[in-house]
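Pasted below: model-v1.tsv, TSV, C-alpha atoms and all ligand atoms.
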chain	number	residue	atom	x	y	z
A	735	MET	CA	1.87	-13.61	-16.85
A	736	MET	CA	2.20	-9.88	-17.42
A	737	GLU	CA	5.60	-8.26	-16.95
A	738	PRO	CA	5.93	-5.49	-14.33
A	739	VAL	CA	7.00	-3.04	-17.04
A	740	ASN	CA	3.80	-3.65	-18.99
A	741	LEU	CA	1.61	-3.20	-15.95
A	742	GLY	CA	3.62	-0.04	-15.28
A	743	THR	CA	2.75	1.29	-18.72
A	744	GLU	CA	-0.93	0.64	-18.12
A	745	ILE	CA	-0.66	2.46	-14.81
A	746	THR	CA	0.99	5.52	-16.32
A	747	ASP	CA	-1.69	5.39	-19.04
A	748	ARG	CA	-4.14	6.13	-16.19
A	749	ASN	CA	-5.74	2.71	-16.06
A	750	ASP	CA	-7.17	2.51	-12.53
A	751	ARG	CA	-7.68	-1.26	-12.66
A	752	ALA	CA	-4.01	-1.68	-13.42
A	753	LEU	CA	-3.26	0.66	-10.53
A	754	SER	CA	-5.33	-1.55	-8.20
A	755	ARG	CA	-3.47	-4.63	-9.32
A	756	GLY	CA	-0.14	-2.90	-8.84
A	757	LEU	CA	-1.11	-1.75	-5.36
A	758	SER	CA	-1.93	-5.31	-4.35
A	759	HIS	CA	1.61	-6.33	-5.22
A	760	ILE	CA	3.00	-3.33	-3.39
A	761	GLU	CA	1.02	-4.19	-0.26
A	762	ARG	CA	2.23	-7.77	-0.32
A	763	GLY	CA	5.77	-6.53	-0.82
A	764	ASP	CA	6.43	-9.19	-3.44
A	765	ASP	CA	9.10	-9.25	-6.17
A	766	PHE	CA	6.64	-8.15	-8.82
A	767	GLY	CA	5.72	-5.11	-6.74
A	768	ARG	CA	9.34	-4.25	-6.26
A	769	ALA	CA	10.06	-4.46	-10.00
A	770	LEU	CA	6.98	-2.37	-10.68
A	771	LEU	CA	8.12	0.31	-8.26
A	772	ALA	CA	11.56	0.33	-9.87
A	773	ALA	CA	9.96	0.81	-13.29
A	774	LEU	CA	7.66	3.59	-12.13
A	775	TYR	CA	9.85	5.45	-9.67
A	776	PRO	CA	11.30	7.84	-12.29
A	777	ARG	CA	7.73	8.93	-13.05
A	778	THR	CA	7.00	10.06	-9.49
A	779	GLY	CA	7.28	13.50	-7.96
A	780	GLY	CA	4.27	15.29	-9.38
A	781	ALA	CA	1.75	14.72	-6.60
A	782	HIS	CA	0.88	16.81	-3.59
A	783	VAL	CA	0.73	14.32	-0.73
A	784	ILE	CA	-1.56	15.39	2.11
A	785	GLY	CA	-1.75	13.56	5.42
A	786	ILE	CA	-4.94	13.82	7.47
A	787	THR	CA	-4.75	12.60	11.01
A	788	GLY	CA	-6.65	12.94	14.25
A	789	ASN	CA	-8.45	11.05	16.96
A	790	PRO	CA	-10.72	8.11	16.12
A	791	GLY	CA	-14.13	9.34	15.08
A	792	SER	CA	-13.09	12.95	14.64
A	793	GLY	CA	-14.46	12.90	11.11
A	794	LYS	CA	-11.33	12.32	9.05
A	795	SER	CA	-13.00	10.08	6.47
A	796	THR	CA	-15.95	12.41	6.11
A	797	LEU	CA	-13.60	15.35	5.71
A	798	VAL	CA	-11.35	13.57	3.19
A	799	ARG	CA	-14.39	12.68	1.12
A	800	ALA	CA	-15.59	16.27	1.13
A	801	LEU	CA	-12.13	17.54	0.25
A	802	ALA	CA	-11.81	14.99	-2.54
A	803	ARG	CA	-15.13	16.09	-3.94
A	804	GLU	CA	-14.01	19.69	-3.80
A	805	ALA	CA	-10.69	18.90	-5.49
A	806	CYS	CA	-12.42	16.91	-8.24
A	807	ALA	CA	-14.72	19.83	-8.91
A	808	MET	CA	-11.54	21.85	-9.49
A	809	ASN	CA	-10.42	19.21	-12.00
A	810	PHE	CA	-7.68	17.66	-9.93
A	811	THR	CA	-7.15	13.93	-10.14
A	812	VAL	CA	-7.39	12.55	-6.63
A	813	GLY	CA	-6.23	9.42	-4.84
A	814	ILE	CA	-7.01	8.43	-1.26
A	815	ILE	CA	-5.14	5.99	0.94
A	816	ALA	CA	-7.20	5.15	4.01
A	817	VAL	CA	-5.15	3.35	6.60
A	818	ASP	CA	-7.48	1.02	8.45
A	819	PRO	CA	-6.90	1.44	12.12
A	820	SER	CA	-6.35	-1.89	13.80
A	821	SER	CA	-7.49	-0.63	17.17
A	822	PRO	CA	-10.51	-2.59	18.35
A	823	PHE	CA	-12.72	0.38	19.16
A	824	THR	CA	-12.74	1.69	15.63
A	825	LYS	CA	-13.20	-1.65	13.89
A	826	GLY	CA	-16.92	-1.16	13.59
A	827	SER	CA	-16.63	1.86	11.39
A	828	ILE	CA	-14.28	0.33	8.87
A	829	LEU	CA	-16.87	-1.62	6.97
A	830	GLY	CA	-19.17	1.39	6.89
A	831	ASP	CA	-16.23	3.46	5.78
A	832	ARG	CA	-15.51	1.13	2.90
A	833	ILE	CA	-19.06	1.28	1.68
A	834	ARG	CA	-19.19	5.06	1.86
A	835	MET	CA	-15.76	5.25	0.26
A	836	ASN	CA	-16.91	3.04	-2.60
A	837	ASP	CA	-19.86	5.33	-3.16
A	838	LEU	CA	-17.46	8.17	-3.58
A	839	ALA	CA	-15.29	6.24	-5.98
A	840	ALA	CA	-18.29	5.47	-8.15
A	841	GLU	CA	-19.77	8.92	-7.92
A	842	LEU	CA	-16.59	10.80	-8.70
A	843	HIS	CA	-13.39	9.81	-10.32
A	844	VAL	CA	-11.58	9.40	-7.03
A	845	PHE	CA	-9.28	6.46	-6.58
A	846	ILE	CA	-9.58	4.98	-3.10
A	847	ARG	CA	-7.52	2.34	-1.43
A	848	SER	CA	-7.79	0.95	2.09
A	849	LEU	CA	-4.62	-0.33	3.61
A	850	ALA	CA	-4.70	-2.71	6.53
A	851	THR	CA	-2.46	-1.74	9.41
A	852	HIS	CA	-1.50	-5.27	10.11
A	853	GLY	CA	-0.56	-7.55	7.31
A	854	ALA	CA	1.32	-4.87	5.44
A	855	LEU	CA	4.54	-6.79	5.05
A	856	GLY	CA	7.57	-4.76	5.97
A	857	GLY	CA	5.67	-2.19	7.94
A	858	LEU	CA	2.96	0.33	7.40
A	859	SER	CA	5.17	3.25	6.40
A	860	ARG	CA	6.80	1.19	3.71
A	861	ALA	CA	3.45	0.14	2.25
A	862	VAL	CA	2.11	3.69	2.37
A	863	ALA	CA	5.23	5.24	0.83
A	864	ASP	CA	5.24	2.69	-1.99
A	865	SER	CA	1.49	3.11	-2.58
A	866	VAL	CA	1.92	6.88	-2.77
A	867	ASP	CA	4.61	6.38	-5.43
A	868	LEU	CA	2.32	4.20	-7.51
A	869	MET	CA	-0.58	6.65	-7.32
A	870	ASP	CA	1.79	9.50	-8.09
A	871	ALA	CA	3.12	7.71	-11.17
A	872	ALA	CA	-0.50	7.04	-12.15
A	873	GLY	CA	-0.98	10.79	-12.40
A	874	LYS	CA	-2.91	11.47	-9.20
A	875	GLN	CA	-2.27	15.14	-8.51
A	876	ILE	CA	-3.50	15.13	-4.94
A	877	ILE	CA	-3.06	12.10	-2.71
A	878	PHE	CA	-4.74	12.07	0.69
A	879	ILE	CA	-3.55	9.71	3.39
A	880	GLU	CA	-5.92	9.18	6.30
A	881	THR	CA	-4.61	7.68	9.52
A	882	VAL	CA	-5.57	7.74	13.16
A	883	GLY	CA	-2.86	9.70	14.88
A	884	VAL	CA	-2.32	7.47	17.85
A	885	GLY	CA	0.47	4.96	17.32
A	886	GLN	CA	4.07	5.53	16.35
A	887	ASP	CA	3.35	3.80	13.03
A	888	GLU	CA	0.82	6.48	12.19
A	889	VAL	CA	3.19	9.26	13.12
A	890	ASP	CA	5.77	7.67	10.83
A	891	VAL	CA	3.24	7.55	8.02
A	892	MET	CA	2.67	11.29	8.33
A	893	HIS	CA	6.34	11.84	7.58
A	894	THR	CA	5.54	10.67	4.04
A	895	ALA	CA	3.29	13.70	3.47
A	896	HIS	CA	4.16	17.15	2.19
A	897	THR	CA	1.29	18.74	4.08
A	898	VAL	CA	-0.11	17.43	7.35
A	899	ALA	CA	-3.54	18.42	8.62
A	900	VAL	CA	-4.62	17.47	12.12
A	901	VAL	CA	-8.33	17.12	12.81
A	902	ASN	CA	-9.53	18.19	16.24
A	903	VAL	CA	-13.09	18.13	17.56
A	904	PRO	CA	-14.85	19.96	20.38
A	905	GLY	CA	-16.00	18.09	23.43
A	906	LEU	CA	-13.16	15.67	23.99
A	907	GLY	CA	-12.01	17.22	27.21
A	908	ASP	CA	-10.81	20.66	28.09
A	909	ASP	CA	-7.33	20.70	26.70
A	910	ILE	CA	-5.88	20.19	23.31
A	911	GLN	CA	-6.54	16.56	22.71
A	912	ALA	CA	-4.12	13.88	23.62
A	913	MET	CA	-2.51	13.71	20.25
A	914	LYS	CA	0.91	12.27	19.94
A	915	ALA	CA	3.27	15.17	20.51
A	916	GLY	CA	5.12	14.12	17.36
A	917	ILE	CA	2.02	14.79	15.28
A	918	LEU	CA	1.53	18.28	16.64
A	919	GLU	CA	5.12	19.06	15.78
A	920	ILE	CA	4.65	18.19	12.13
A	921	SER	CA	1.17	19.60	11.57
A	922	ASP	CA	0.87	22.35	8.98
A	923	ILE	CA	-2.86	22.95	9.23
A	924	HIS	CA	-5.30	22.52	12.11
A	925	VAL	CA	-8.89	21.67	11.37
A	926	VAL	CA	-11.58	21.88	14.02
A	927	ASN	CA	-14.26	19.57	12.69
A	928	LYS	CA	-17.78	19.15	14.06
A	929	ALA	CA	-17.97	22.91	14.34
A	930	ASP	CA	-21.73	22.43	14.61
A	931	ARG	CA	-21.07	21.24	18.14
A	932	GLU	CA	-20.73	23.30	21.26
A	933	GLY	CA	-17.24	24.28	22.26
A	934	SER	CA	-15.71	24.63	18.83
A	935	ASP	CA	-14.98	28.33	19.31
A	936	ARG	CA	-13.10	27.52	22.45
A	937	ILE	CA	-10.92	24.85	20.95
A	938	ILE	CA	-10.17	27.12	17.99
A	939	ALA	CA	-9.07	29.85	20.43
A	940	GLU	CA	-6.98	27.36	22.42
A	941	LEU	CA	-5.24	26.07	19.33
A	942	LYS	CA	-4.54	29.58	18.11
A	943	SER	CA	-3.02	30.65	21.40
A	944	MET	CA	-0.97	27.46	21.58
A	945	LEU	CA	0.34	28.15	18.08
A	946	THR	CA	1.27	31.75	18.89
A	947	MET	CA	3.26	30.47	21.82
A	948	CYS	CA	5.26	27.93	19.87
A	949	ALA	CA	5.33	29.52	16.42
A	950	ASN	CA	9.00	30.44	16.61
A	951	GLY	CA	10.27	27.17	15.11
A	952	ARG	CA	8.53	27.68	11.79
A	953	ASN	CA	9.89	30.07	9.26
A	954	GLY	CA	7.50	31.45	6.71
A	955	TRP	CA	4.34	29.41	7.26
A	956	LYS	CA	1.64	30.56	9.63
A	957	ILE	CA	-0.29	27.47	10.72
A	958	PRO	CA	-3.98	28.18	10.18
A	959	VAL	CA	-6.79	26.91	12.40
A	960	LEU	CA	-9.87	26.27	10.29
A	961	PRO	CA	-13.37	25.12	11.29
A	962	SER	CA	-15.39	22.57	9.32
A	963	ILE	CA	-18.65	20.71	9.42
A	964	ALA	CA	-17.59	17.82	7.27
A	965	ILE	CA	-20.97	16.06	7.21
A	966	LEU	CA	-22.45	19.17	5.59
A	967	GLU	CA	-19.34	19.77	3.48
A	968	GLN	CA	-18.93	23.14	5.11
A	969	GLY	CA	-15.55	24.76	5.47
A	970	THR	CA	-13.83	22.40	3.07
A	971	GLY	CA	-13.15	25.09	0.45
A	972	PRO	CA	-10.87	27.16	2.72
A	973	ILE	CA	-9.19	23.97	4.01
A	974	LEU	CA	-8.33	22.77	0.51
A	975	GLU	CA	-7.19	26.28	-0.32
A	976	ALA	CA	-4.91	26.29	2.75
A	977	MET	CA	-3.46	22.96	1.62
A	978	ARG	CA	-2.72	24.33	-1.84
A	979	LEU	CA	-1.20	27.46	-0.30
A	980	HIS	CA	0.99	25.35	1.93
A	981	PHE	CA	2.26	23.39	-1.06
A	982	ALA	CA	2.96	26.64	-2.90
A	983	TYR	CA	4.79	27.88	0.18
A	984	LEU	CA	6.90	24.71	0.30
A	985	LYS	CA	7.83	25.10	-3.35
A	986	GLY	CA	8.54	28.81	-3.13
A	987	SER	CA	10.67	28.61	-0.01
A	988	GLY	CA	12.75	25.65	-1.08
A	989	GLU	CA	11.37	23.65	1.85
A	990	LEU	CA	9.81	21.13	-0.51
A	991	GLU	CA	13.24	20.00	-1.64
A	992	GLU	CA	14.29	19.71	1.98
A	993	ARG	CA	11.23	17.65	2.86
A	994	ARG	CA	11.74	15.41	-0.14
A	995	ARG	CA	15.32	14.84	0.86
A	996	ARG	CA	14.25	14.02	4.41
A	997	ILE	CA	11.52	11.66	3.20
A	998	VAL	CA	13.95	9.77	0.95
A	999	LYS	CA	16.55	9.53	3.70
A	1000	THR	CA	14.09	8.23	6.29
A	1001	ARG	CA	12.84	5.73	3.76
A	1002	LEU	CA	16.31	4.53	2.85
A	1003	LEU	CA	17.30	4.02	6.45
A	1004	SER	CA	14.13	2.14	7.26
A	1005	ILE	CA	14.60	-0.13	4.23
A	1006	VAL	CA	18.11	-0.98	5.39
A	1007	GLN	CA	17.05	-1.41	9.01
A	1008	ARG	CA	14.32	-3.74	7.90
A	1009	ALA	CA	16.66	-5.76	5.70
A	1010	ILE	CA	19.10	-6.19	8.55
A	1011	GLU	CA	16.37	-7.31	10.92
A	1012	ASP	CA	14.94	-9.73	8.40
A	1013	ALA	CA	18.34	-11.20	7.63
A	1014	ALA	CA	19.26	-11.55	11.29
A	1015	ASN	CA	15.94	-13.20	12.08
A	1016	ALA	CA	15.91	-15.47	9.05
A	1017	ARG	CA	19.33	-16.76	9.88
A	1018	LYS	CA	18.42	-17.65	13.40
A	1019	SER	CA	21.54	-19.49	14.42
A	1020	GLY	CA	23.72	-16.68	13.13
A	1021	CYS	CA	22.16	-14.23	15.53
A	1022	GLU	CA	21.29	-16.55	18.42
A	1023	ASP	CA	24.86	-17.64	19.08
A	1024	LEU	CA	25.80	-13.99	19.48
A	1025	VAL	CA	22.89	-13.45	21.85
A	1026	GLU	CA	24.16	-16.38	23.91
A	1027	GLN	CA	27.67	-14.98	23.95
A	1028	VAL	CA	26.46	-11.59	25.15
A	1029	LEU	CA	24.36	-13.29	27.84
A	1030	ALA	CA	27.41	-15.26	28.94
A	1031	LYS	CA	29.41	-12.01	29.01
A	1032	LYS	CA	31.84	-13.39	26.48
A	1033	LEU	CA	31.04	-10.51	24.17
A	1034	ASP	CA	29.78	-7.05	24.95
A	1035	PRO	CA	26.72	-5.91	22.96
A	1036	TYR	CA	28.72	-3.62	20.67
A	1037	ALA	CA	31.26	-6.29	19.79
A	1038	ALA	CA	28.40	-8.70	19.05
A	1039	GLY	CA	26.73	-6.02	16.93
A	1040	GLU	CA	29.88	-5.53	14.93
A	1041	GLU	CA	30.26	-9.27	14.46
A	1042	LEU	CA	26.65	-9.55	13.27
A	1043	LEU	CA	27.06	-6.64	10.86
A	1044	GLY	CA	30.18	-8.31	9.51
A	1045	ARG	CA	28.32	-11.57	8.92
A	1046	LEU	CA	25.48	-9.77	7.19
A	1047	THR	CA	27.89	-7.91	4.95
A	1048	GLU	CA	29.44	-11.21	3.95
A	1049	MET	CA	25.98	-12.53	3.22
A	1050	ARG	CA	25.29	-9.42	1.20
A	1051	THR	CA	28.26	-9.99	-1.07
A	1052	GLY	CA	27.17	-13.60	-1.36
A	1053	GLY	CA	23.68	-12.43	-2.28
A	1054	GLY	CA	22.14	-13.53	1.01
A	1055	VAL	CA	20.76	-10.25	2.34
A	1056	ARG	CA	17.95	-8.81	0.32
A	1057	VAL	CA	17.35	-5.11	0.69
A	1101	LIG	N1	-21.92	16.52	14.09
A	1101	LIG	C1	-20.98	16.20	13.21
A	1101	LIG	N2	-20.69	14.90	12.99
A	1101	LIG	C2	-19.74	14.62	12.10
A	1101	LIG	C3	-19.04	15.63	11.38
A	1101	LIG	N3	-18.12	15.03	10.57
A	1101	LIG	C4	-18.26	13.70	10.77
A	1101	LIG	N4	-19.22	13.45	11.68
A	1101	LIG	C5	-19.67	12.13	12.16
A	1101	LIG	O1	-18.67	11.57	13.00
A	1101	LIG	C6	-18.64	10.16	12.88
A	1101	LIG	C7	-17.24	9.70	12.54
A	1101	LIG	O2	-16.89	10.17	11.24
A	1101	LIG	P1	-15.73	9.53	10.39
A	1101	LIG	O3	-15.54	10.38	9.20
A	1101	LIG	O4	-15.95	8.08	10.18
A	1101	LIG	O5	-14.53	9.72	11.41
A	1101	LIG	P2	-13.04	9.14	11.30
A	1101	LIG	O6	-12.18	10.13	11.99
A	1101	LIG	O7	-12.71	8.82	9.89
A	1101	LIG	O8	-13.16	7.80	12.15
A	1101	LIG	P3	-12.10	6.59	12.23
A	1101	LIG	O9	-11.54	6.38	10.85
A	1101	LIG	O10	-12.89	5.46	12.73
A	1101	LIG	O11	-11.07	7.06	13.20
A	1101	LIG	C8	-19.64	9.81	11.80
A	1101	LIG	O12	-20.83	9.42	12.40
A	1101	LIG	C9	-19.82	11.13	11.05
A	1101	LIG	O13	-21.09	11.24	10.43
A	1101	LIG	C10	-19.39	16.99	11.63
A	1101	LIG	O14	-18.85	17.94	11.06
A	1101	LIG	N5	-20.35	17.21	12.55
A	1102	MG	MG	-11.99	7.01	9.04

Show how you would write the structure in this file as structure tokens.
Amino acid sequence: MMEPVNLGTEITDRNDRALSRGLSHIERGDDFGRALLAALYPRTGGAHVIGITGNPGSGKSTLVRALAREACAMNFTVGIIAVDPSSPFTKGSILGDRIRMNDLAAELHVFIRSLATHGALGGLSRAVADSVDLMDAAGKQIIFIETVGVGQDEVDVMHTAHTVAVVNVPGLGDDIQAMKAGILEISDIHVVNKADREGSDRIIAELKSMLTMCANGRNGWKIPVLPSIAILEQGTGPILEAMRLHFAYLKGSGELEERRRRIVKTRLLSIVQRAIEDAANARKSGCEDLVEQVLAKKLDPYAAGEELLGRLTEMRTGGGVRV
């Protein structure tokens, strides 16, 4: 069997089949994947990671494809991570999505990967962050992540991106759509897709006035509101341009370093949190007896927490807890 280091070399040599194989390990969260990530991590940091989120059916996949095409025409190497929504009402489109996505992969030199929401061992954000690293090390200059912005998982995923674009559409009610508030807070660019439909001017105006009202928190970046008709590939040029400008702004202002630091910190904490949970759950008796003692009021929850942490630390030194 091939060593992780060798597969890593093939990946950094821009072999997309090797990248696919590596991503499968990453998604499973197996030991090979972990060794591969360790080997490739020093090679990461070159990519511009762009999150695209928005309501189901708002045209995210269509838009990402059009943007990818645009970026390829400008000679960027592009990777796409499409997070399959697990929600039942969007299931139907996934298969269609895959087929259309595969067309794009064949037609252009775009690397596309679908990631299942469930089944990603150790959580979706972990799988996405690790996949981004692999694509980054493989030399992808722009990496798009598409997710439906509904669940907390998806909001977390967006924290992996340098630039976040939220896709809105006209005709989904009068107000700014029921996006997770957390997403609106981290969006850097607003796209109003399906601008061929009635009401797009109004939602553009609403978004703009909303942004003027709450623009104080942001320092140098003015969040643009840009229309698109993704099915006709209209409006994608200015959107890609805004994304590039945002990245340049992040670099120039020093905010990129800050974001990177925040991304690493969040990731570290979630790795540790996960490891603690796994260890506590794997060692059932070790946690259950404490649960019983808290129930019986023999221990308060904090004392039990301390006791559990102590046990896990002992396990750690004995090699029992695996981060
Ligand atoms: N009229 C119009 N339809 C569009 C436009 N962009 C996308 N669509 C259509 O909207 C539907 C949904 O597009 P997708 O790109 O699959 O949307 P999505 O947001 O990726 O959907 P999920 O991943 O299922 O959440 C498709 O039928 C597209 O053809 C547009 O600009 N105008
Ligand atoms: Mg989609």

Neighbouring residues of ligand LIG 1101 (chain A) are defined here as those with any atom at most 7 Å from a ligand atom, counting only C-alpha atoms and all ligand atoms; list them as a ChimeraX atom specification.
/A:788-797,819,824,827-828,831,882,927-931,962-966

Requested write-out: C-alpha atoms of the selected residues, as a tab-separated table (two decimals), in the coordinates of the input:
chain	number	residue	atom	x	y	z
A	788	GLY	CA	-6.65	12.94	14.25
A	789	ASN	CA	-8.45	11.05	16.96
A	790	PRO	CA	-10.72	8.11	16.12
A	791	GLY	CA	-14.13	9.34	15.08
A	792	SER	CA	-13.09	12.95	14.64
A	793	GLY	CA	-14.46	12.90	11.11
A	794	LYS	CA	-11.33	12.32	9.05
A	795	SER	CA	-13.00	10.08	6.47
A	796	THR	CA	-15.95	12.41	6.11
A	797	LEU	CA	-13.60	15.35	5.71
A	819	PRO	CA	-6.90	1.44	12.12
A	824	THR	CA	-12.74	1.69	15.63
A	827	SER	CA	-16.63	1.86	11.39
A	828	ILE	CA	-14.28	0.33	8.87
A	831	ASP	CA	-16.23	3.46	5.78
A	882	VAL	CA	-5.57	7.74	13.16
A	927	ASN	CA	-14.26	19.57	12.69
A	928	LYS	CA	-17.78	19.15	14.06
A	929	ALA	CA	-17.97	22.91	14.34
A	930	ASP	CA	-21.73	22.43	14.61
A	931	ARG	CA	-21.07	21.24	18.14
A	962	SER	CA	-15.39	22.57	9.32
A	963	ILE	CA	-18.65	20.71	9.42
A	964	ALA	CA	-17.59	17.82	7.27
A	965	ILE	CA	-20.97	16.06	7.21
A	966	LEU	CA	-22.45	19.17	5.59

Between CA of Lys956 (chain A) and CA of His980 (chain A), what distance in Å does the model show, to one decimal?
9.3 Å

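In this comparison, which uses only C-alpha atoms, the residue of A:Glu940, A:Asp935, A:Asp1034, A:Glu1011 approaching Arg1056 (chain A) most closely is A:Glu1011.
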
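Distance check against Leu990 (chain A) using all atoms listed in the file: of A:Thr897, A:Thr778, A:Ser758, A:Thr746, the minimum falls on A:Thr897.
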
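Among the candidate residues A:Asn749, A:Ser859, A:Thr894, A:Ser921, the one lying nearest to Ile1005 (chain A) is A:Ser859, with distances computed using only C-alpha atoms.
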
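Among the candidates A:Thr881, A:Leu770, A:Gly779, A:Gly857, the one nearest to Arg1008 (chain A) when counting all atoms listed in the file is A:Gly857.
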
Within 7 Å of Ala899 (chain A), counting all atoms listed in the file, which residues show up once you throw out same-chain ones fewer than 5 positions away? Write them as a short mmCIF file (atom, residue, chain, number, x, y, z; two decimals) with C-alpha atoms, in the coordinates of the input, please.
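Saved result, selection_16.cif, follows:
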data_model
loop_
_atom_site.label_atom_id
_atom_site.label_comp_id
_atom_site.auth_asym_id
_atom_site.auth_seq_id
_atom_site.Cartn_x
_atom_site.Cartn_y
_atom_site.Cartn_z
CA GLY A 785 -1.75 13.56 5.42
CA ILE A 786 -4.94 13.82 7.47
CA THR A 787 -4.75 12.60 11.01
CA SER A 921 1.17 19.60 11.57
CA ASP A 922 0.87 22.35 8.98
CA ILE A 923 -2.86 22.95 9.23
CA HIS A 924 -5.30 22.52 12.11
CA VAL A 925 -8.89 21.67 11.37
#

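Using all atoms listed in the file, the smallest distance between any of A:Leu1002, A:Ile815, A:Leu774, A:Leu801 and ligand MG 1102 (chain A) comes from A:Ile815.
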
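With distances restricted to all atoms listed in the file, A:Glu880 is the closest residue to ligand MG 1102 (chain A) from A:Asp1023, A:Asp765, A:Glu1048, A:Glu880.
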
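Going from CA of Arg777 (chain A) to CA of Gly742 (chain A) covers 10.1 Å.
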
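Between CA of Ile1010 (chain A) and CA of Ala772 (chain A) lies a distance of 20.9 Å.
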
Pick out the residues sitting within 7 Å of Leu849 (chain A), and hand them over as a PDB file with C-alpha atoms, in the coordinates of the input; count only C-alpha atoms, and ignore anything fewer than 2 positions along from it in its own chain.
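What landed in out29.pdb:
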ATOM      1  CA  ILE A 815      -5.140   5.990   0.940  1.00  0.00           C
ATOM      2  CA  ALA A 816      -7.200   5.150   4.010  1.00  0.00           C
ATOM      3  CA  VAL A 817      -5.150   3.350   6.600  1.00  0.00           C
ATOM      4  CA  ASP A 818      -7.480   1.020   8.450  1.00  0.00           C
ATOM      5  CA  ARG A 847      -7.520   2.340  -1.430  1.00  0.00           C
ATOM      6  CA  THR A 851      -2.460  -1.740   9.410  1.00  0.00           C
TER       7      THR A 851
END
